[in-house]
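Novice: Have a peek at data-v8.cif (mmCIF, C-alpha atoms).
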```
data_work
loop_
_atom_site.label_atom_id
_atom_site.label_comp_id
_atom_site.auth_asym_id
_atom_site.auth_seq_id
_atom_site.Cartn_x
_atom_site.Cartn_y
_atom_site.Cartn_z
CA MET A 1 65.17 -84.36 -18.41
CA ALA A 2 61.50 -83.64 -19.06
CA GLU A 3 61.70 -80.43 -17.01
CA ASP A 4 64.70 -79.21 -19.06
CA ASP A 5 62.80 -79.92 -22.27
CA GLY A 6 59.80 -78.05 -20.89
CA ASP A 7 61.90 -75.01 -19.95
CA GLN A 8 63.51 -74.92 -23.38
CA PHE A 9 60.15 -75.22 -25.08
CA ARG A 10 58.72 -72.47 -22.87
CA PHE A 11 61.60 -70.17 -23.78
CA GLN A 12 61.19 -70.85 -27.51
CA TRP A 13 57.45 -70.24 -27.34
CA GLN A 14 57.87 -66.95 -25.49
CA ASN A 15 60.24 -65.73 -28.20
CA PHE A 16 57.72 -66.80 -30.81
CA MET A 17 54.95 -64.88 -29.03
CA SER A 18 57.15 -61.78 -28.84
CA GLN A 19 57.49 -61.91 -32.62
CA ILE A 20 53.73 -62.27 -32.95
CA MET A 21 53.18 -59.19 -30.76
CA ARG A 22 55.65 -57.15 -32.81
CA GLN A 23 53.90 -58.18 -36.01
CA GLN A 24 50.53 -57.24 -34.49
CA GLN A 25 51.85 -53.85 -33.45
CA GLN A 26 53.40 -53.25 -36.88
CA ARG A 27 50.21 -54.29 -38.65
CA ARG A 28 48.08 -52.01 -36.49
CA THR A 29 50.52 -49.11 -36.84
CA THR A 30 50.62 -49.50 -40.62
CA THR A 31 46.83 -49.55 -40.79
CA ALA A 32 46.43 -46.63 -38.41
CA THR A 33 48.93 -44.51 -40.36
CA THR A 34 46.50 -44.20 -43.24
CA GLU A 35 43.61 -43.35 -40.91
CA ILE A 36 45.11 -40.91 -38.37
CA LYS A 37 43.91 -37.37 -38.92
CA SER A 38 45.69 -34.24 -37.85
CA PRO A 39 44.06 -32.43 -34.93
CA LEU A 40 40.97 -30.64 -36.18
CA LEU A 41 40.81 -26.91 -35.64
CA PRO A 42 38.11 -24.44 -36.61
CA SER A 43 38.59 -23.13 -40.13
CA ARG A 44 38.97 -19.41 -40.68
CA THR A 45 35.77 -17.66 -41.68
CA PRO A 46 35.30 -13.99 -42.61
CA GLY A 47 34.80 -11.72 -39.66
CA THR A 48 36.18 -14.11 -37.04
CA ILE A 49 39.55 -14.63 -35.36
CA ILE A 50 39.34 -18.39 -34.94
CA ASN A 51 42.64 -18.62 -36.81
CA LYS A 52 44.30 -17.68 -33.52
CA ILE A 53 43.85 -21.21 -32.17
CA PRO A 54 47.40 -22.52 -31.81
CA GLN A 55 48.66 -25.64 -33.54
CA VAL A 56 50.40 -27.57 -30.74
CA THR A 57 53.60 -29.26 -31.96
CA LYS A 58 56.85 -30.32 -30.37
CA THR A 59 58.52 -27.28 -31.92
CA SER A 60 55.91 -24.92 -30.51
CA VAL A 61 56.22 -26.47 -27.06
CA VAL A 62 60.00 -26.02 -27.08
CA ALA A 63 59.61 -22.46 -28.36
CA ALA A 64 57.14 -21.71 -25.59
CA GLU A 65 59.56 -22.98 -22.95
CA ILE A 66 62.34 -20.79 -24.42
CA GLU A 67 60.03 -17.79 -24.33
CA LYS A 68 59.22 -18.44 -20.68
CA ILE A 69 62.93 -18.53 -19.85
CA GLN A 70 63.43 -15.28 -21.76
CA PHE A 71 60.53 -13.71 -19.88
CA LYS A 72 62.25 -14.40 -16.55
CA SER A 73 65.47 -12.75 -17.70
CA THR A 74 64.27 -9.96 -20.06
CA GLY A 75 60.66 -9.27 -19.08
CA ILE A 76 59.34 -10.16 -22.57
CA ASP A 77 55.90 -11.73 -22.15
CA PRO A 78 55.40 -15.03 -24.07
CA HIS A 79 51.59 -14.46 -23.89
CA ASP A 80 51.27 -17.81 -22.08
CA GLY A 81 50.52 -19.91 -25.14
CA ARG A 82 48.25 -17.33 -26.82
CA LEU A 83 49.06 -16.21 -30.36
CA GLU A 84 49.40 -12.49 -30.92
CA THR A 85 46.20 -10.53 -31.13
CA SER A 86 45.80 -7.50 -33.33
CA ALA A 87 46.79 -5.44 -30.29
CA GLY A 88 50.35 -6.59 -30.87
CA ASN A 89 53.27 -6.92 -28.49
CA VAL A 90 54.16 -4.10 -26.18
CA SER A 91 57.63 -2.66 -26.04
CA THR A 92 60.27 -3.65 -23.54
CA ALA A 93 60.13 -0.10 -22.21
CA GLN A 94 56.46 -0.53 -21.33
CA LEU A 95 57.17 -3.86 -19.64
CA SER A 96 59.93 -2.29 -17.58
CA CYS A 97 57.76 0.62 -16.44
CA ALA A 98 58.07 -0.40 -12.79
CA LYS A 99 61.85 0.00 -12.90
CA GLN A 100 61.55 3.41 -14.59
CA GLN A 101 59.10 4.62 -11.95
CA LYS A 102 61.44 3.56 -9.17
CA GLN A 103 64.28 5.48 -10.79
CA LYS A 104 62.14 8.63 -11.01
CA VAL A 105 61.17 8.41 -7.35
CA ALA A 106 64.79 7.97 -6.37
CA GLN A 107 65.67 11.25 -8.11
CA VAL A 108 63.20 13.29 -5.99
CA PRO A 109 64.96 14.98 -3.04
CA LYS A 110 63.93 13.47 0.25
CA ASN A 111 63.25 16.87 1.82
CA ALA A 112 60.86 17.88 -0.94
CA ALA A 113 58.92 14.64 -0.57
CA VAL A 114 58.64 15.11 3.19
CA LYS A 115 57.42 18.68 2.86
CA PHE A 116 54.81 17.69 0.27
CA ILE A 117 53.46 14.88 2.42
CA SER A 118 53.41 16.89 5.63
CA SER A 119 51.57 19.80 4.00
CA GLY A 120 48.70 17.54 2.95
CA ALA A 121 48.58 19.20 -0.47
CA THR A 122 47.19 17.36 -3.47
CA SER A 123 48.61 18.29 -6.82
CA PRO A 124 46.41 18.65 -9.95
CA LYS A 125 48.33 15.76 -11.49
CA ALA A 126 47.41 13.52 -8.54
CA LYS A 127 43.75 14.44 -9.00
CA ARG A 128 43.89 13.57 -12.68
CA THR A 129 45.57 10.26 -11.84
CA THR A 130 42.87 9.43 -9.30
CA SER A 131 40.10 10.21 -11.78
CA SER A 132 41.82 8.17 -14.48
CA SER A 133 42.33 5.26 -12.08
CA ASN A 134 38.64 5.22 -11.19
CA LEU A 135 37.69 5.17 -14.85
CA SER A 136 40.24 2.45 -15.60
CA THR A 137 39.05 0.35 -12.69
CA SER A 138 35.49 0.57 -13.93
CA VAL A 139 36.47 -0.63 -17.41
CA LEU A 140 38.59 -3.45 -16.03
CA GLU A 141 35.85 -4.63 -13.71
CA ASP A 142 33.42 -4.72 -16.61
CA PHE A 143 35.76 -6.82 -18.73
CA GLN A 144 36.60 -9.08 -15.80
CA GLN A 145 32.90 -9.77 -15.27
CA GLN A 146 32.49 -10.66 -18.95
CA PHE A 147 35.44 -13.07 -18.80
CA ALA A 148 34.06 -14.63 -15.62
CA ASP A 149 30.59 -15.03 -17.13
CA HIS A 150 32.06 -16.71 -20.21
CA SER A 151 34.12 -19.14 -18.14
CA GLN A 152 31.19 -20.04 -15.88
CA LEU A 153 29.02 -20.69 -18.94
CA VAL A 154 31.58 -22.85 -20.75
CA GLN A 155 32.99 -24.90 -17.87
CA PRO A 156 29.84 -27.03 -17.23
CA GLU A 157 29.61 -27.80 -20.94
CA ILE A 158 33.24 -28.92 -20.98
CA HIS A 159 32.56 -31.19 -18.02
CA ALA A 160 29.53 -32.59 -19.83
CA VAL A 161 31.49 -33.66 -22.92
CA ILE A 162 34.28 -35.05 -20.73
CA ASN A 163 31.76 -37.19 -18.86
CA GLU A 164 30.20 -38.35 -22.12
CA ASN A 165 33.56 -39.49 -23.48
CA HIS A 166 34.40 -41.03 -20.11
CA HIS A 167 31.24 -43.15 -20.04
CA ALA A 168 31.77 -44.25 -23.66
CA ARG A 169 35.29 -45.48 -22.85
CA LEU A 170 34.10 -47.19 -19.67
CA GLY A 171 31.48 -49.09 -21.65
CA LEU A 172 34.15 -50.30 -24.06
CA ILE A 173 36.46 -51.30 -21.20
CA ARG A 174 33.68 -53.34 -19.56
CA TRP A 175 33.15 -55.15 -22.86
CA ILE A 176 36.88 -55.92 -23.11
CA LEU A 177 36.96 -57.34 -19.58
CA ALA A 178 33.90 -59.48 -20.29
CA GLU A 179 35.48 -60.88 -23.47
CA ILE A 180 38.78 -61.63 -21.73
CA GLY A 181 36.79 -63.35 -19.00
CA ASN A 182 34.95 -65.47 -21.58
CA LEU A 183 38.24 -66.37 -23.24
CA THR A 184 39.72 -67.39 -19.89
CA LEU A 185 36.72 -69.58 -19.04
CA ASP A 186 36.75 -71.30 -22.44
CA MET A 187 40.48 -72.05 -22.18
CA ARG A 188 40.08 -73.26 -18.59
CA THR A 189 37.25 -75.57 -19.64
CA LEU A 190 39.39 -76.96 -22.43
CA THR A 191 42.27 -77.45 -19.98
CA ASP A 192 40.14 -79.25 -17.38
CA ASP A 193 38.55 -81.53 -19.99
CA THR A 194 41.96 -82.44 -21.39
CA TRP A 195 43.45 -83.26 -17.99
CA ALA A 196 40.43 -85.39 -17.10
CA GLU A 197 40.90 -87.27 -20.37
CA ILE A 198 44.59 -87.83 -19.57
CA GLU A 199 43.89 -89.17 -16.07
CA ASN A 200 41.24 -91.52 -17.43
CA HIS A 201 43.48 -92.72 -20.27
CA GLU A 202 44.18 -96.45 -20.16
CA LEU A 203 47.93 -95.93 -20.56
CA PHE A 204 48.26 -93.27 -17.85
CA HIS A 205 49.86 -94.39 -14.56
CA GLU A 206 51.69 -92.83 -11.61
CA GLY A 207 55.07 -93.68 -13.05
CA CYS A 208 54.66 -91.20 -15.92
CA ARG A 209 52.66 -88.56 -14.04
CA ALA A 210 55.69 -86.32 -13.38
CA GLN A 211 56.65 -86.12 -17.05
CA ILE A 212 53.10 -85.61 -18.25
CA THR A 213 52.46 -82.93 -15.60
CA SER A 214 55.66 -81.08 -16.52
CA PHE A 215 54.73 -80.69 -20.18
CA PHE A 216 51.09 -80.05 -19.35
CA GLY A 217 52.12 -77.15 -17.08
CA VAL A 218 54.12 -75.62 -19.93
CA TYR A 219 51.12 -75.84 -22.26
CA VAL A 220 48.86 -74.18 -19.67
CA THR A 221 51.42 -71.41 -19.12
CA ILE A 222 51.52 -70.70 -22.86
CA GLY A 223 47.74 -70.32 -22.84
CA GLU A 224 48.02 -67.87 -19.94
CA TRP A 225 50.59 -65.88 -21.91
CA ASP A 226 48.13 -65.65 -24.81
CA ILE A 227 45.52 -64.11 -22.53
CA GLN A 228 48.13 -61.75 -21.09
CA TYR A 229 49.25 -60.65 -24.55
CA CYS A 230 45.61 -60.10 -25.52
CA ALA A 231 45.07 -57.82 -22.51
CA ARG A 232 48.29 -55.97 -23.27
CA ASP A 233 47.14 -55.40 -26.84
CA MET A 234 43.84 -53.97 -25.58
CA ASP A 235 45.74 -51.72 -23.18
CA ASP A 236 47.87 -50.38 -26.05
CA LEU A 237 44.75 -49.54 -28.05
CA LEU A 238 43.18 -47.68 -25.12
CA ARG A 239 46.40 -45.77 -24.44
CA GLU A 240 46.71 -44.73 -28.08
CA ASP A 241 43.12 -43.54 -28.05
CA ALA A 242 43.63 -41.52 -24.88
CA ALA A 243 46.72 -39.86 -26.33
CA SER A 244 45.34 -39.00 -29.77
CA ARG A 245 41.55 -38.65 -29.60
CA PHE A 246 39.52 -36.10 -27.60
CA THR A 247 41.92 -35.68 -24.67
CA PRO A 248 44.34 -33.26 -26.42
CA SER A 249 41.48 -31.12 -27.74
CA VAL A 250 39.47 -30.97 -24.53
CA GLY A 251 42.66 -30.36 -22.54
CA PHE A 252 43.49 -27.33 -24.68
CA ILE A 253 40.02 -25.80 -24.50
CA ASN A 254 39.87 -26.43 -20.75
CA ARG A 255 43.21 -24.69 -20.17
CA GLU A 256 42.15 -21.74 -22.30
CA ASN A 257 38.84 -21.45 -20.47
CA THR A 258 40.72 -21.37 -17.17
CA ARG A 259 43.08 -18.72 -18.55
CA SER A 260 40.13 -16.52 -19.48
CA THR A 261 39.41 -16.00 -15.79
CA PHE A 262 42.68 -14.11 -15.28
CA GLN A 263 43.04 -12.60 -18.76
CA THR A 264 42.48 -9.11 -17.33
CA VAL A 265 45.46 -9.48 -15.02
CA GLN A 266 47.54 -10.94 -17.82
CA THR A 267 46.76 -7.97 -20.07
CA LEU A 268 47.63 -5.50 -17.33
CA GLY A 269 51.03 -7.13 -17.13
CA ARG A 270 51.67 -5.86 -20.66
CA HIS A 271 50.43 -2.26 -20.29
CA ARG A 272 50.54 0.82 -18.10
CA PHE A 273 46.78 1.02 -18.15
CA THR A 274 46.53 4.49 -16.55
CA GLU A 275 48.32 5.94 -19.58
CA SER A 276 47.06 3.58 -22.31
CA LEU A 277 43.48 2.75 -21.40
CA ASP A 278 42.42 2.56 -25.05
CA GLU A 279 45.10 -0.03 -25.82
CA VAL A 280 44.09 -2.09 -22.78
CA SER A 281 40.41 -1.96 -23.73
CA PHE A 282 41.18 -2.90 -27.32
CA GLU A 283 43.27 -5.91 -26.31
CA LEU A 284 40.75 -7.09 -23.72
CA GLN A 285 37.93 -6.93 -26.28
CA ASP A 286 40.11 -8.78 -28.75
CA GLU A 287 40.80 -11.48 -26.17
CA LEU A 288 37.13 -11.72 -25.24
CA ASP A 289 36.25 -12.28 -28.91
CA TYR A 290 39.00 -14.89 -29.09
CA PHE A 291 37.57 -16.93 -26.21
CA HIS A 292 34.02 -16.71 -27.60
CA ASN A 293 35.14 -17.84 -31.06
CA LEU A 294 37.38 -20.53 -29.61
CA TRP A 295 34.52 -22.23 -27.76
CA GLU A 296 32.14 -21.83 -30.69
CA GLY A 297 34.68 -23.43 -33.02
CA TYR A 298 35.63 -26.26 -30.67
CA GLN A 299 32.13 -27.52 -29.87
CA PRO A 300 31.72 -29.40 -33.20
CA ILE A 301 35.30 -30.67 -32.91
CA LEU A 302 34.68 -32.19 -29.49
CA ARG A 303 31.39 -33.70 -30.71
CA GLU A 304 33.10 -35.28 -33.69
CA GLU A 305 35.89 -36.71 -31.56
CA ILE A 306 33.39 -38.26 -29.16
CA GLU A 307 31.67 -39.90 -32.10
CA ASP A 308 35.05 -41.14 -33.35
CA ILE A 309 35.10 -43.65 -30.49
CA ALA A 310 33.07 -45.85 -32.85
CA ALA A 311 36.28 -46.40 -34.86
CA LEU A 312 38.07 -47.46 -31.68
CA GLU A 313 35.26 -49.88 -30.81
CA GLU A 314 35.45 -51.44 -34.27
CA LEU A 315 39.21 -51.86 -34.00
CA VAL A 316 38.99 -53.31 -30.47
CA ARG A 317 36.33 -55.83 -31.51
CA ALA A 318 38.39 -56.94 -34.50
CA GLU A 319 41.53 -57.35 -32.39
CA MET A 320 39.63 -59.25 -29.69
CA ALA A 321 38.15 -61.64 -32.26
CA TRP A 322 41.64 -62.29 -33.64
CA TRP A 323 43.06 -62.99 -30.19
CA TYR A 324 40.16 -65.26 -29.26
CA ASP A 325 40.58 -67.44 -32.34
CA TYR A 326 44.36 -67.42 -32.01
CA ALA A 327 44.42 -68.37 -28.31
CA ILE A 328 41.73 -71.08 -28.55
CA GLU A 329 43.17 -72.72 -31.66
CA TRP A 330 46.70 -72.86 -30.27
CA HIS A 331 45.44 -74.10 -26.90
CA LYS A 332 43.66 -76.93 -28.66
CA VAL A 333 46.91 -77.81 -30.43
CA PHE A 334 48.81 -77.97 -27.15
CA MET A 335 46.08 -79.93 -25.39
CA ASP A 336 46.23 -82.48 -28.22
CA SER A 337 50.00 -82.61 -27.70
CA ALA A 338 49.44 -83.25 -23.99
CA ILE A 339 47.28 -86.27 -24.84
CA SER A 340 49.90 -87.47 -27.32
CA ASN A 341 52.51 -87.35 -24.56
CA VAL A 342 50.60 -90.14 -22.81
CA TYR A 343 51.50 -92.48 -25.66
CA ILE A 344 55.13 -91.33 -25.52
CA TYR A 345 55.84 -91.39 -21.78
CA CYS A 346 53.24 -93.79 -20.40
CA ASP A 347 53.31 -96.67 -22.89
CA THR A 348 55.66 -99.10 -21.17
CA GLU A 349 55.85 -101.36 -24.21
CA SER A 350 57.07 -98.56 -26.44
CA LEU A 351 59.60 -97.52 -23.76
CA ASP A 352 60.98 -101.05 -23.62
#
```
Can I see the file as structure tokens?
Specialist:
Amino acid sequence: MAEDDGDQFRFQWQNFMSQIMRQQQQRRTTTATTEIKSPLLPSRTPGTIINKIPQVTKTSVVAAEIEKIQFKSTGIDPHDGRLETSAGNVSTAQLSCAKQQKQKVAQVPKNAAVKFISSGATSPKAKRTTSSSNLSTSVLEDFQQQFADHSQLVQPEIHAVINENHHARLGLIRWILAEIGNLTLDMRTLTDDTWAEIENHELFHEGCRAQITSFFGVYVTIGEWDIQYCARDMDDLLREDAASRFTPSVGFINRENTRSTFQTVQTLGRHRFTESLDEVSFELQDELDYFHNLWEGYQPILREEIEDIAALEELVRAEMAWWYDYAIEWHKVFMDSAISNVYIYCDTESLD
């Protein structure tokens, strides 16, 4: 009978704790709603193109996926997440230049092609193409080196801010674990002292041990749930921080810095550079300015978001203090109930 009562009480208490957790989550969400800031992006200043930094939303992500699908079927380049530069989009005809070239080659009589190759002659047009290709290659290599130098300069700095944020979070996590450990020790001490008091109670005897132990086990389990819910609450806070602070910004700038290393190839995929070298050079310079301005604008943003961990620390400390008081106070209540059970189940005179 005592075990059935204990199971029912355990079930009721777990439902009660679920309501407490929902209220905690609602309270924290309501408070955070007034404090959450939209992702910071560099403001537009005269003479810069920082306004090309994309605002990442669910709509933009879906649109990007649609563009990628269209690119596979139509050859229209989605620019891989980059907003349009002043160079603009190229035409579908330019993107399909490879197909047009194949068609032109197919129209040349086979005999004429064989005769031209066997004679070893080099047409004036071929000479001009060779000269143009050499010039184009020189320009492309120069831009590629500039993109590579930029990426090599920025990447160590990105790693540095990532490590700084990483160490700040690790310090907070160590503090959380230490506080949960202190809470566990304090509740265990209270539990051991209470059980020792029960065993030394003048009314306690072996005949009522089973009933007392059954209820006492329920009370201890409830205390363990409180510690578990506390840890779960801390985990939620850390997850929310990882999803909203620093990580999205540093992830974007890291992806863009990686993309800068193959920007030259990406631009060539939009142009026939042997016939439009000026357009290629203009777009590559525009992209190079974009990457320079992007990193310059994001450095203060990343610094501010690292400093914003102070707000997380304040919230974590407040939540931990609440859980500590809540768990200890309720555990004291249940330990007092455990002692009261001695008078209920061990007093033979009252049972008679």
Novice: Could you spell out the hits of the PyMOL selection byres ((chain A and resi 194-210) around 7) on the shown file, as number ranges by chain?
Specialist: A: 190-193, 211-214, 335, 339, 342, 345-347
Novice: Taking only C-alpha atoms into account, name the residue in A:Gly223, A:Val333, A:Glu283, A:Arg188 that is nearest to Arg270 (chain A).
Specialist: A:Glu283
Novice: Which is closest to Leu294 (chain A) among A:Thr348, A:Gln145, A:Thr267, A:Ser260, if we use all atoms listed in the file?
Specialist: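 The closest residue to Leu294 (chain A) is A:Ser260.
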Novice: What's the separation between CA of Asn257 (chain A) and CA of Gln152 (chain A), in Å to one decimal place?
Specialist: 9.0 Å
Novice: Which distance in Å separates CA of Leu177 (chain A) and CA of Gln228 (chain A), to one decimal?
Specialist: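 Separation between CA of Leu177 (chain A) and CA of Gln228 (chain A): 12.1 Å.
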Novice: Go ahead and compute the interatomic distance for CA of Tyr219 (chain A) and CA of Ser337 (chain A), in Å to one decimal.
Specialist: 8.8 Å
Novice: Taking (42.7, -54.7, -27.3) as a centre in this file's frame and 10 Å as the limit, can you find every polymer residue with an atom that close, using only C-alpha atoms, and give them as an mmCIF file with C-alpha atoms, keeping the file's coordinate frame?
Specialist:
```cif
data_model
loop_
_atom_site.group_PDB
_atom_site.id
_atom_site.type_symbol
_atom_site.label_atom_id
_atom_site.label_comp_id
_atom_site.auth_asym_id
_atom_site.auth_seq_id
_atom_site.Cartn_x
_atom_site.Cartn_y
_atom_site.Cartn_z
ATOM 1 C CA ILE A 173 36.460 -51.300 -21.200
ATOM 2 C CA ILE A 176 36.880 -55.920 -23.110
ATOM 3 C CA LEU A 177 36.960 -57.340 -19.580
ATOM 4 C CA ILE A 180 38.780 -61.630 -21.730
ATOM 5 C CA TYR A 229 49.250 -60.650 -24.550
ATOM 6 C CA CYS A 230 45.610 -60.100 -25.520
ATOM 7 C CA ALA A 231 45.070 -57.820 -22.510
ATOM 8 C CA ARG A 232 48.290 -55.970 -23.270
ATOM 9 C CA ASP A 233 47.140 -55.400 -26.840
ATOM 10 C CA MET A 234 43.840 -53.970 -25.580
ATOM 11 C CA ASP A 235 45.740 -51.720 -23.180
ATOM 12 C CA ASP A 236 47.870 -50.380 -26.050
ATOM 13 C CA LEU A 237 44.750 -49.540 -28.050
ATOM 14 C CA LEU A 238 43.180 -47.680 -25.120
ATOM 15 C CA LEU A 312 38.070 -47.460 -31.680
ATOM 16 C CA GLU A 313 35.260 -49.880 -30.810
ATOM 17 C CA LEU A 315 39.210 -51.860 -34.000
ATOM 18 C CA VAL A 316 38.990 -53.310 -30.470
ATOM 19 C CA ARG A 317 36.330 -55.830 -31.510
ATOM 20 C CA ALA A 318 38.390 -56.940 -34.500
ATOM 21 C CA GLU A 319 41.530 -57.350 -32.390
ATOM 22 C CA MET A 320 39.630 -59.250 -29.690
ATOM 23 C CA ALA A 321 38.150 -61.640 -32.260
ATOM 24 C CA TRP A 322 41.640 -62.290 -33.640
ATOM 25 C CA TRP A 323 43.060 -62.990 -30.190
#
```
Novice: When distances are computed from all atoms listed in the file, which of A:Glu141, A:Glu305, A:Asp325, A:Asp186 shows the smallest separation from Val265 (chain A)?
Specialist: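 With all atoms listed in the file as the atom set, the closest residue is A:Glu141.
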Novice: On this file, the PyMOL selection byres ((chain A and resi 147) around 8) gives some set of residues; write that set as number ranges by chain.
Specialist: A: 143-146, 148-151, 260-261, 263, 288
Novice: Check the smallest atom-to-atom distance from each of A:Ile253, A:Ile306, A:Ile301, A:Val280 to Gln155 (chain A) using only C-alpha atoms, then report the winner.
Specialist: A:Ile253
Novice: Atoms are missing here; could region 314-339 of chain A be completed with N, CA and C atoms and written as a PDB file, in the frame of the given file?
Specialist:
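As a result, result-v1.pdb now contains:
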```pdb
ATOM      1  N   GLU A 314      35.321 -50.491 -33.147  1.00  0.00           N
ATOM      2  CA  GLU A 314      35.450 -51.440 -34.270  1.00  0.00           C
ATOM      3  C   GLU A 314      36.819 -52.101 -34.263  1.00  0.00           C
ATOM      4  N   LEU A 315      37.861 -51.312 -34.023  1.00  0.00           N
ATOM      5  CA  LEU A 315      39.210 -51.860 -34.000  1.00  0.00           C
ATOM      6  C   LEU A 315      39.388 -52.828 -32.832  1.00  0.00           C
ATOM      7  N   VAL A 316      38.876 -52.463 -31.661  1.00  0.00           N
ATOM      8  CA  VAL A 316      38.990 -53.310 -30.470  1.00  0.00           C
ATOM      9  C   VAL A 316      38.273 -54.646 -30.698  1.00  0.00           C
ATOM     10  N   ARG A 317      37.086 -54.600 -31.265  1.00  0.00           N
ATOM     11  CA  ARG A 317      36.330 -55.830 -31.510  1.00  0.00           C
ATOM     12  C   ARG A 317      37.050 -56.744 -32.501  1.00  0.00           C
ATOM     13  N   ALA A 318      37.650 -56.144 -33.526  1.00  0.00           N
ATOM     14  CA  ALA A 318      38.390 -56.940 -34.500  1.00  0.00           C
ATOM     15  C   ALA A 318      39.618 -57.582 -33.865  1.00  0.00           C
ATOM     16  N   GLU A 319      40.348 -56.811 -33.050  1.00  0.00           N
ATOM     17  CA  GLU A 319      41.530 -57.350 -32.390  1.00  0.00           C
ATOM     18  C   GLU A 319      41.155 -58.451 -31.398  1.00  0.00           C
ATOM     19  N   MET A 320      40.067 -58.246 -30.660  1.00  0.00           N
ATOM     20  CA  MET A 320      39.630 -59.250 -29.690  1.00  0.00           C
ATOM     21  C   MET A 320      39.226 -60.542 -30.386  1.00  0.00           C
ATOM     22  N   ALA A 321      38.542 -60.439 -31.510  1.00  0.00           N
ATOM     23  CA  ALA A 321      38.150 -61.640 -32.260  1.00  0.00           C
ATOM     24  C   ALA A 321      39.391 -62.393 -32.746  1.00  0.00           C
ATOM     25  N   TRP A 322      40.404 -61.642 -33.179  1.00  0.00           N
ATOM     26  CA  TRP A 322      41.640 -62.290 -33.640  1.00  0.00           C
ATOM     27  C   TRP A 322      42.307 -63.029 -32.481  1.00  0.00           C
ATOM     28  N   TRP A 323      42.413 -62.373 -31.343  1.00  0.00           N
ATOM     29  CA  TRP A 323      43.060 -62.990 -30.190  1.00  0.00           C
ATOM     30  C   TRP A 323      42.275 -64.204 -29.685  1.00  0.00           C
ATOM     31  N   TYR A 324      40.964 -64.129 -29.723  1.00  0.00           N
ATOM     32  CA  TYR A 324      40.160 -65.260 -29.260  1.00  0.00           C
ATOM     33  C   TYR A 324      40.417 -66.492 -30.132  1.00  0.00           C
ATOM     34  N   ASP A 325      40.337 -66.308 -31.436  1.00  0.00           N
ATOM     35  CA  ASP A 325      40.580 -67.440 -32.340  1.00  0.00           C
ATOM     36  C   ASP A 325      42.004 -67.958 -32.206  1.00  0.00           C
ATOM     37  N   TYR A 326      42.948 -67.031 -32.109  1.00  0.00           N
ATOM     38  CA  TYR A 326      44.360 -67.420 -32.010  1.00  0.00           C
ATOM     39  C   TYR A 326      44.603 -68.221 -30.735  1.00  0.00           C
ATOM     40  N   ALA A 327      44.154 -67.719 -29.584  1.00  0.00           N
ATOM     41  CA  ALA A 327      44.420 -68.370 -28.310  1.00  0.00           C
ATOM     42  C   ALA A 327      43.729 -69.734 -28.216  1.00  0.00           C
ATOM     43  N   ILE A 328      42.472 -69.818 -28.639  1.00  0.00           N
ATOM     44  CA  ILE A 328      41.730 -71.080 -28.550  1.00  0.00           C
ATOM     45  C   ILE A 328      42.329 -72.125 -29.471  1.00  0.00           C
ATOM     46  N   GLU A 329      42.637 -71.756 -30.696  1.00  0.00           N
ATOM     47  CA  GLU A 329      43.170 -72.720 -31.660  1.00  0.00           C
ATOM     48  C   GLU A 329      44.516 -73.277 -31.205  1.00  0.00           C
ATOM     49  N   TRP A 330      45.397 -72.391 -30.726  1.00  0.00           N
ATOM     50  CA  TRP A 330      46.700 -72.860 -30.270  1.00  0.00           C
ATOM     51  C   TRP A 330      46.565 -73.691 -28.986  1.00  0.00           C
ATOM     52  N   HIS A 331      45.629 -73.323 -28.123  1.00  0.00           N
ATOM     53  CA  HIS A 331      45.440 -74.100 -26.900  1.00  0.00           C
ATOM     54  C   HIS A 331      44.947 -75.507 -27.223  1.00  0.00           C
ATOM     55  N   LYS A 332      44.105 -75.603 -28.230  1.00  0.00           N
ATOM     56  CA  LYS A 332      43.660 -76.930 -28.660  1.00  0.00           C
ATOM     57  C   LYS A 332      44.830 -77.759 -29.175  1.00  0.00           C
ATOM     58  N   VAL A 333      45.732 -77.102 -29.909  1.00  0.00           N
ATOM     59  CA  VAL A 333      46.910 -77.810 -30.430  1.00  0.00           C
ATOM     60  C   VAL A 333      47.748 -78.351 -29.274  1.00  0.00           C
ATOM     61  N   PHE A 334      47.975 -77.534 -28.268  1.00  0.00           N
ATOM     62  CA  PHE A 334      48.810 -77.970 -27.150  1.00  0.00           C
ATOM     63  C   PHE A 334      48.104 -79.015 -26.283  1.00  0.00           C
ATOM     64  N   MET A 335      46.797 -78.910 -26.136  1.00  0.00           N
ATOM     65  CA  MET A 335      46.080 -79.930 -25.390  1.00  0.00           C
ATOM     66  C   MET A 335      46.123 -81.283 -26.117  1.00  0.00           C
ATOM     67  N   ASP A 336      46.067 -81.245 -27.440  1.00  0.00           N
ATOM     68  CA  ASP A 336      46.230 -82.480 -28.220  1.00  0.00           C
ATOM     69  C   ASP A 336      47.638 -83.053 -28.028  1.00  0.00           C
ATOM     70  N   SER A 337      48.629 -82.148 -27.941  1.00  0.00           N
ATOM     71  CA  SER A 337      50.000 -82.610 -27.700  1.00  0.00           C
ATOM     72  C   SER A 337      50.122 -83.233 -26.314  1.00  0.00           C
ATOM     73  N   ALA A 338      49.395 -82.687 -25.343  1.00  0.00           N
ATOM     74  CA  ALA A 338      49.440 -83.250 -23.990  1.00  0.00           C
ATOM     75  C   ALA A 338      48.890 -84.685 -23.990  1.00  0.00           C
ATOM     76  N   ILE A 339      47.832 -84.912 -24.752  1.00  0.00           N
ATOM     77  CA  ILE A 339      47.280 -86.270 -24.840  1.00  0.00           C
ATOM     78  C   ILE A 339      48.254 -87.189 -25.574  1.00  0.00           C
TER      79      ILE A 339
END
```
